[in-house]
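S.K.: Structure file work.txt, compact mmCIF, C-alpha atoms and all ligand atoms, is pasted below:
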```txt
# COMPACT_ATOMS: atom_id res chain seq x y z
CA MET A 265 -128.45 -54.26 -202.86
CA ASN A 266 -131.64 -56.22 -203.18
CA MET A 267 -134.39 -54.18 -201.52
CA LYS A 268 -137.21 -56.48 -202.55
CA THR A 269 -139.43 -57.12 -199.55
CA ASP A 270 -140.62 -60.65 -199.09
CA ASP A 271 -141.78 -62.90 -196.29
CA ALA A 272 -138.62 -64.98 -196.16
CA ILE A 273 -136.83 -64.77 -192.83
CA VAL A 274 -134.37 -67.58 -193.60
CA ARG A 275 -132.91 -68.33 -197.00
CA LEU A 276 -130.26 -70.89 -197.87
CA GLU A 277 -128.99 -70.91 -201.44
CA ASP A 278 -126.74 -73.63 -202.82
CA VAL A 279 -125.11 -74.22 -199.44
CA HIS A 280 -122.15 -76.62 -199.48
CA LEU A 281 -120.28 -77.68 -196.37
CA SER A 282 -117.51 -80.21 -195.80
CA PHE A 283 -115.79 -81.37 -192.67
CA GLY A 284 -112.34 -82.25 -193.94
CA GLN A 285 -112.84 -84.59 -196.89
CA THR A 286 -116.45 -85.35 -195.92
CA GLU A 287 -119.07 -83.48 -197.90
CA VAL A 288 -121.95 -83.05 -195.48
CA LEU A 289 -124.14 -80.51 -197.30
CA ARG A 290 -124.18 -80.77 -201.09
CA GLY A 291 -126.21 -77.82 -202.31
CA ILE A 292 -129.01 -76.96 -199.87
CA ASP A 293 -131.74 -74.54 -200.99
CA LEU A 294 -134.32 -73.72 -198.36
CA THR A 295 -136.61 -70.77 -197.71
CA VAL A 296 -138.58 -70.24 -194.52
CA ASP A 297 -141.25 -67.55 -194.40
CA ARG A 298 -141.91 -65.50 -191.32
CA GLY A 299 -144.43 -67.20 -189.05
CA ASN A 300 -144.05 -70.57 -190.74
CA ALA A 301 -143.00 -73.93 -189.34
CA VAL A 302 -140.68 -76.10 -191.41
CA SER A 303 -139.84 -79.66 -190.40
CA ILE A 304 -136.69 -81.38 -191.58
CA ILE A 305 -136.87 -85.15 -191.66
CA GLY A 306 -134.49 -87.73 -193.03
CA PRO A 307 -132.06 -90.49 -192.09
CA SER A 308 -129.36 -90.09 -189.46
CA GLY A 309 -126.22 -88.45 -190.85
CA SER A 310 -128.06 -86.79 -193.75
CA GLY A 311 -127.10 -83.28 -192.62
CA LYS A 312 -130.18 -82.12 -190.68
CA SER A 313 -128.34 -80.81 -187.62
CA THR A 314 -125.69 -79.24 -189.81
CA ILE A 315 -128.36 -77.22 -191.63
CA LEU A 316 -129.56 -75.81 -188.29
CA ARG A 317 -125.99 -75.14 -187.16
CA CYS A 318 -125.35 -73.19 -190.37
CA ILE A 319 -128.41 -71.01 -189.77
CA ASN A 320 -127.18 -70.23 -186.27
CA ALA A 321 -123.58 -69.57 -187.45
CA LEU A 322 -122.19 -72.43 -185.37
CA VAL A 323 -120.55 -73.65 -188.58
CA THR A 324 -119.80 -71.78 -191.81
CA PRO A 325 -120.36 -73.28 -195.24
CA GLN A 326 -117.59 -73.20 -197.84
CA ARG A 327 -120.01 -72.23 -200.62
CA GLY A 328 -123.44 -70.68 -200.96
CA ARG A 329 -125.46 -67.96 -199.24
CA ILE A 330 -127.40 -67.92 -196.01
CA THR A 331 -129.50 -64.95 -194.95
CA VAL A 332 -131.45 -64.55 -191.72
CA GLY A 333 -133.66 -61.49 -191.64
CA GLY A 334 -131.40 -59.69 -194.09
CA THR A 335 -128.10 -60.66 -192.44
CA ARG A 336 -125.58 -62.67 -194.50
CA VAL A 337 -124.87 -65.37 -191.94
CA ASP A 338 -122.19 -67.03 -194.09
CA GLN A 339 -120.18 -63.79 -194.13
CA LEU A 340 -120.06 -62.94 -190.44
CA ALA A 341 -116.48 -61.91 -189.76
CA THR A 342 -116.22 -61.73 -185.98
CA GLU A 343 -117.38 -63.65 -182.94
CA SER A 344 -119.35 -60.60 -181.79
CA GLU A 345 -121.29 -60.65 -185.08
CA ARG A 346 -122.01 -64.34 -184.54
CA ILE A 347 -123.17 -63.67 -180.98
CA ALA A 348 -125.42 -60.87 -182.25
CA LEU A 349 -127.00 -63.33 -184.70
CA ARG A 350 -127.50 -65.95 -181.98
CA LYS A 351 -129.49 -63.44 -179.93
CA ARG A 352 -131.98 -63.41 -182.81
CA VAL A 353 -132.02 -67.15 -183.51
CA GLY A 354 -132.91 -69.43 -180.61
CA ILE A 355 -131.81 -73.04 -180.69
CA VAL A 356 -132.97 -75.93 -178.54
CA PHE A 357 -131.01 -79.17 -178.55
CA GLN A 358 -131.72 -82.76 -177.59
CA GLN A 359 -129.52 -82.18 -174.52
CA TYR A 360 -131.08 -79.32 -172.61
CA ASN A 361 -127.95 -78.45 -170.55
CA LEU A 362 -129.61 -76.37 -167.85
CA PHE A 363 -127.36 -75.00 -165.11
CA PRO A 364 -127.88 -77.53 -162.30
CA HIS A 365 -126.99 -75.10 -159.50
CA LEU A 366 -129.53 -72.48 -160.62
CA THR A 367 -133.28 -72.54 -160.09
CA VAL A 368 -135.58 -72.84 -163.09
CA LEU A 369 -136.31 -69.11 -162.88
CA ASP A 370 -132.63 -68.17 -162.70
CA ASN A 371 -131.81 -70.43 -165.66
CA ILE A 372 -134.29 -68.40 -167.72
CA VAL A 373 -133.27 -65.00 -166.36
CA LEU A 374 -129.52 -65.49 -166.86
CA ALA A 375 -129.07 -64.77 -170.57
CA PRO A 376 -131.47 -61.80 -170.85
CA THR A 377 -129.81 -60.05 -167.88
CA ARG A 378 -126.19 -60.95 -168.74
CA ILE A 379 -126.29 -60.76 -172.52
CA LEU A 380 -129.13 -58.36 -173.32
CA GLY A 381 -128.74 -56.20 -170.23
CA VAL A 382 -132.42 -56.53 -169.28
CA ALA A 383 -133.13 -55.40 -165.70
CA GLN A 384 -133.52 -58.25 -163.19
CA GLY A 385 -137.15 -57.45 -162.34
CA GLU A 386 -138.18 -57.20 -165.95
CA ALA A 387 -136.35 -60.43 -166.81
CA GLU A 388 -138.09 -62.24 -163.94
CA LYS A 389 -141.48 -60.99 -165.07
CA LEU A 390 -140.85 -62.30 -168.59
CA ALA A 391 -139.48 -65.57 -167.20
CA ARG A 392 -142.69 -66.11 -165.21
CA GLU A 393 -144.79 -65.41 -168.30
CA LEU A 394 -142.72 -67.93 -170.24
CA LEU A 395 -143.01 -70.51 -167.48
CA GLU A 396 -146.77 -70.13 -167.74
CA LYS A 397 -146.48 -70.62 -171.50
CA VAL A 398 -144.52 -73.86 -171.08
CA ARG A 399 -146.93 -74.91 -168.28
CA LEU A 400 -144.39 -74.91 -165.47
CA SER A 401 -145.42 -71.93 -163.34
CA GLU A 402 -145.24 -74.00 -160.17
CA LYS A 403 -141.59 -74.99 -160.83
CA ALA A 404 -139.99 -71.53 -160.82
CA GLY A 405 -138.06 -72.23 -157.61
CA ALA A 406 -137.15 -75.85 -158.37
CA TYR A 407 -133.71 -77.03 -159.48
CA PRO A 408 -133.28 -78.90 -162.77
CA GLY A 409 -132.41 -82.14 -160.98
CA GLN A 410 -135.86 -82.11 -159.38
CA LEU A 411 -137.60 -82.10 -162.79
CA SER A 412 -138.40 -84.81 -165.32
CA GLY A 413 -136.64 -84.74 -168.68
CA GLY A 414 -139.73 -83.33 -170.35
CA GLN A 415 -140.00 -80.58 -167.75
CA GLN A 416 -136.32 -79.72 -168.16
CA GLN A 417 -136.73 -79.52 -171.90
CA ARG A 418 -139.69 -77.15 -171.45
CA VAL A 419 -137.45 -74.95 -169.26
CA ALA A 420 -134.86 -75.03 -172.05
CA ILE A 421 -137.53 -73.85 -174.49
CA ALA A 422 -138.53 -71.03 -172.12
CA ARG A 423 -134.85 -70.10 -171.79
CA ALA A 424 -134.53 -69.83 -175.57
CA LEU A 425 -137.70 -67.73 -175.79
CA ALA A 426 -136.44 -65.37 -173.05
CA MET A 427 -134.08 -63.87 -175.63
CA ARG A 428 -137.15 -62.93 -177.71
CA PRO A 429 -135.73 -64.58 -180.82
CA GLU A 430 -137.03 -63.96 -184.33
CA LEU A 431 -137.03 -67.67 -184.97
CA VAL A 432 -136.34 -70.88 -183.06
CA LEU A 433 -134.51 -73.99 -184.23
CA PHE A 434 -135.42 -77.29 -182.56
CA ASP A 435 -132.98 -80.17 -183.03
CA GLU A 436 -134.63 -83.47 -182.08
CA VAL A 437 -135.73 -81.98 -178.78
CA THR A 438 -137.80 -85.01 -177.79
CA SER A 439 -135.42 -87.76 -178.91
CA ALA A 440 -133.78 -88.25 -175.50
CA LEU A 441 -137.00 -88.09 -173.46
CA ASP A 442 -138.97 -90.82 -171.78
CA PRO A 443 -141.95 -91.59 -174.03
CA GLU A 444 -144.45 -90.38 -171.43
CA THR A 445 -142.97 -86.86 -171.40
CA VAL A 446 -142.64 -86.39 -175.16
CA GLY A 447 -146.25 -85.26 -175.55
CA GLU A 448 -145.99 -82.38 -173.08
CA VAL A 449 -142.97 -80.97 -174.93
CA LEU A 450 -144.66 -81.31 -178.31
CA ALA A 451 -147.75 -79.57 -176.89
CA VAL A 452 -145.62 -76.57 -175.90
CA ILE A 453 -144.02 -76.38 -179.36
CA ARG A 454 -147.45 -76.70 -180.97
CA ASP A 455 -148.65 -73.68 -178.92
CA LEU A 456 -145.62 -71.63 -179.99
CA ILE A 457 -146.18 -72.40 -183.64
CA ARG A 458 -149.87 -71.56 -183.35
CA ASP A 459 -148.84 -68.25 -181.77
CA GLY A 460 -146.85 -67.56 -184.94
CA MET A 461 -143.27 -68.29 -183.87
CA THR A 462 -141.14 -69.01 -186.94
CA SER A 463 -139.76 -72.49 -186.30
CA ILE A 464 -137.47 -74.98 -187.98
CA LEU A 465 -137.65 -78.43 -186.46
CA VAL A 466 -135.54 -81.50 -186.98
CA THR A 467 -137.77 -84.27 -185.74
CA HIS A 468 -138.52 -87.96 -185.89
CA GLU A 469 -142.08 -87.34 -184.68
CA MET A 470 -143.80 -87.87 -188.02
CA ARG A 471 -147.37 -87.31 -186.89
CA PHE A 472 -146.36 -84.11 -185.14
CA ALA A 473 -144.48 -82.89 -188.22
CA GLU A 474 -147.52 -83.66 -190.33
CA GLU A 475 -149.81 -81.77 -187.99
CA ILE A 476 -147.83 -78.57 -187.37
CA SER A 477 -145.69 -77.98 -190.45
CA ASP A 478 -146.31 -75.58 -193.30
CA THR A 479 -143.52 -77.31 -195.20
CA VAL A 480 -141.73 -80.62 -194.72
CA VAL A 481 -138.25 -81.17 -196.10
CA PHE A 482 -136.71 -84.62 -196.60
CA THR A 483 -132.92 -84.77 -196.54
CA GLU A 484 -130.70 -87.57 -197.71
CA ASN A 485 -126.93 -87.61 -198.06
CA GLY A 486 -126.51 -83.85 -197.76
CA ARG A 487 -129.25 -82.93 -200.18
CA ILE A 488 -132.91 -81.98 -199.94
CA VAL A 489 -134.50 -84.70 -202.03
CA ALA A 490 -138.11 -83.69 -201.46
CA GLN A 491 -139.90 -80.64 -200.16
CA GLY A 492 -143.61 -80.02 -199.93
CA SER A 493 -146.72 -79.70 -197.83
CA PRO A 494 -147.22 -82.34 -195.14
CA ASP A 495 -149.85 -83.92 -197.33
CA GLU A 496 -147.47 -84.12 -200.28
CA ILE A 497 -144.59 -85.53 -198.25
CA PHE A 498 -146.54 -87.97 -196.11
CA HIS A 499 -149.30 -89.06 -198.48
CA THR A 500 -148.75 -88.05 -202.10
CA PHE A 501 -145.11 -88.22 -203.17
CA ASP A 502 -144.35 -91.50 -204.86
CA ASN A 503 -140.76 -91.64 -203.65
CA PRO A 504 -139.94 -95.11 -202.32
CA ARG A 505 -137.18 -93.81 -200.01
CA ILE A 506 -139.55 -91.36 -198.34
CA ARG A 507 -142.32 -93.95 -198.19
CA GLN A 508 -139.94 -96.38 -196.51
CA PHE A 509 -138.61 -93.75 -194.08
CA VAL A 510 -141.98 -92.33 -193.10
CA GLY A 511 -143.53 -95.76 -192.95
CA GLY A 512 -140.77 -97.04 -190.74
CA LEU A 513 -141.22 -94.29 -188.18
CA SER A 514 -144.87 -93.36 -187.99
P1 LIG B 601 -128.12 -85.55 -188.94
O1 LIG B 601 -128.46 -84.44 -188.01
O2 LIG B 601 -129.01 -85.62 -190.14
O3 LIG B 601 -128.05 -86.89 -188.26
P2 LIG B 601 -125.54 -84.24 -189.08
O4 LIG B 601 -125.82 -82.94 -189.69
O5 LIG B 601 -125.35 -84.27 -187.60
O6 LIG B 601 -126.66 -85.29 -189.53
O7 LIG B 601 -124.23 -84.87 -189.70
C1 LIG B 601 -124.06 -85.06 -191.09
C2 LIG B 601 -122.73 -85.72 -191.33
O8 LIG B 601 -121.68 -84.82 -190.93
C3 LIG B 601 -122.51 -86.99 -190.54
O9 LIG B 601 -121.83 -87.90 -191.38
C4 LIG B 601 -121.62 -86.55 -189.40
O10 LIG B 601 -120.82 -87.60 -188.97
C5 LIG B 601 -120.83 -85.44 -190.02
N1 LIG B 601 -120.39 -84.40 -189.06
C6 LIG B 601 -121.23 -83.62 -188.34
N2 LIG B 601 -120.54 -82.74 -187.59
C7 LIG B 601 -119.22 -83.00 -187.83
C8 LIG B 601 -117.99 -82.43 -187.36
N3 LIG B 601 -117.99 -81.42 -186.49
N4 LIG B 601 -116.84 -82.96 -187.84
C9 LIG B 601 -116.85 -83.96 -188.73
N5 LIG B 601 -117.96 -84.53 -189.22
C10 LIG B 601 -119.14 -84.06 -188.79
MG MG B 602 -128.85 -84.46 -185.97
```
As structure tokens, what does this structure read like?
Ligand code: ADP
Ligand code: MG

M.R.:
Amino acid sequence: MNMKTDDAIVRLEDVHLSFGQTEVLRGIDLTVDRGNAVSIIGPSGSGKSTILRCINALVTPQRGRITVGGTRVDQLATESERIALRKRVGIVFQQYNLFPHLTVLDNIVLAPTRILGVAQGEAEKLARELLEKVRLSEKAGAYPGQLSGGQQQRVAIARALAMRPELVLFDEVTSALDPETVGEVLAVIRDLIRDGMTSILVTHEMRFAEEISDTVVFTENGRIVAQGSPDEIFHTFDNPRIRQFVGGLS
């Protein structure tokens, strides 16, 4: 067993994944250090969401290794092992999927009480702290349908944080939002990253990725074709595909 201590919380090594005949990931190597923020950018269909889904054990690669905080995610044998992993790895999607019949507070309290067995009072206290963090204290008693898309997405972020995850995956969480509410969601994510939350973000918000990332990864056709600091990816690398992609979006 490798007992070497290092700062890596997530490590993908030579990860290959196919859906039927379609090769979607063709040898992904990616390391994320604790407390860092890594942005994944790249064209649609290049495998970005699949990388996140691998890390969260929603799909299993056919080849390669994935470790999250010492756990071999690619070798989880049972659904209960996968659920245990998902308690440690939060994920926030483009579609926030809040329970419409529950208040904002109850949406956040549900998983900690049901899945972690946290006492109701304690879960509510944490939920109110998280609502403050996502700047929605005044909406605790509201129903999702009474909120804007950006507000609902901030509730979804609070809900993910209520499980006290070791890291959070964000999959294009602002892509479905009205432009005027994108900024408030990005501001919340920026705060989290500044507080030291390990984060992996798939995003089309190039300026945001440049501002908050420790590392930016560019995917194309199931491969990571460039990886570097924001300055390297956005300003230095002389790769015409990246130049075209970044230029077309920023
Ligand atoms: P991205 O997030 O970069 O847009 P995805 O990771 O969602 O890309 O998808 C990569 C490729 O895998 C796409 O061609 C997509 O159609 C395909 N794909 C994703 N999920 C499935 C699935 N469950 N079954 C079959 N093909 C899939
Ligand atoms: Mg995607």

S.K.: If we count all atoms listed in the file, what is near A:Asn300 at a cut-off of 8 Å, once residues fewer than 2 positions away on the same chain are taken out, given as a ChimeraX atom specification?

M.R.: /A:296-298,302,457,460-463,477-478

S.K.: Output as a tab-separated table one row per residue of chain A within 7 Å of ligand LIG 601 (chain B): the closest atom pair and its distance in Å to one decimal place, counting all atoms listed in the file, sorted by chain and residue number ascending.

M.R.:
```
residue	atom	partner	partner_atom	distance
A:Phe283	CA	B:LIG601	C9	4.8
A:Thr286	CA	B:LIG601	N5	6.9
A:Val288	CA	B:LIG601	O8	4.9
A:Gly306	CA	B:LIG601	O2	6.5
A:Pro307	CA	B:LIG601	O2	6.1
A:Ser308	CA	B:LIG601	O3	3.7
A:Gly309	CA	B:LIG601	O6	3.5
A:Ser310	CA	B:LIG601	O2	3.9
A:Gly311	CA	B:LIG601	O4	3.2
A:Lys312	CA	B:LIG601	O2	3.7
A:Ser313	CA	B:LIG601	O1	3.7
A:Thr314	CA	B:LIG601	O4	3.7
A:Ile315	CA	B:LIG601	O4	6.6
```

S.K.: Nearest to ligand MG 602 (chain B) among A:Leu349, A:Leu316, A:Leu294, A:Leu400, with distances taken over only C-alpha atoms and all ligand atoms: which residue is it?

M.R.: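 Smallest separation from ligand MG 602 (chain B) among the options: A:Leu316.
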
S.K.: Figure out the distance between atom CA of A:Ile319 and atom CA of A:Ile506, please, to one decimal in Å.

M.R.: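 Taking atom CA of A:Ile506 and atom CA of A:Ile319, their separation equals 24.7 Å.
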
S.K.: From the set A:His499, A:Arg317, A:Arg336, A:Arg327, which residue has the shortest atom-to-atom contact distance to ligand MG 602 (chain B), counting only C-alpha atoms and all ligand atoms?

M.R.: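 Closest to ligand MG 602 (chain B) of all the choices is A:Arg317.
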
S.K.: Report the distance between atom CA of A:Phe357 and atom CA of A:Val437 in Å, rounded to one decimal place.

M.R.: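 Atom-to-atom, atom CA of A:Phe357 to atom CA of A:Val437, that is 5.5 Å.
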
S.K.: For each of A:Gln384, A:Gly299, A:Phe363, A:Gly405, take the minimum atom-to-atom distance to A:Leu456, counting all atoms listed in the file, then give the residue where this is smallest.

M.R.: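 Counting all atoms listed in the file, the residue closest to A:Leu456 is A:Gly299.
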
S.K.: By how many Å are atom CA of A:Glu277 and atom CA of A:Asp338 apart?

M.R.: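 Going from atom CA of A:Glu277 over to atom CA of A:Asp338, I get 10.7 Å.
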
S.K.: For ligand MG 602 (chain B), which residue among A:Glu386, A:Asp435, A:Glu343, A:Asp278 is the nearest when counting all atoms listed in the file?

M.R.: A:Asp435

S.K.: From the set A:Ile372, A:Glu287, A:Ile292, A:Ala272, which residue has the shortest atom-to-atom contact distance to A:Ala490, counting all atoms listed in the file?

M.R.: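 Looking only at the distances to A:Ala490, the closest residue turns out to be A:Ile292.
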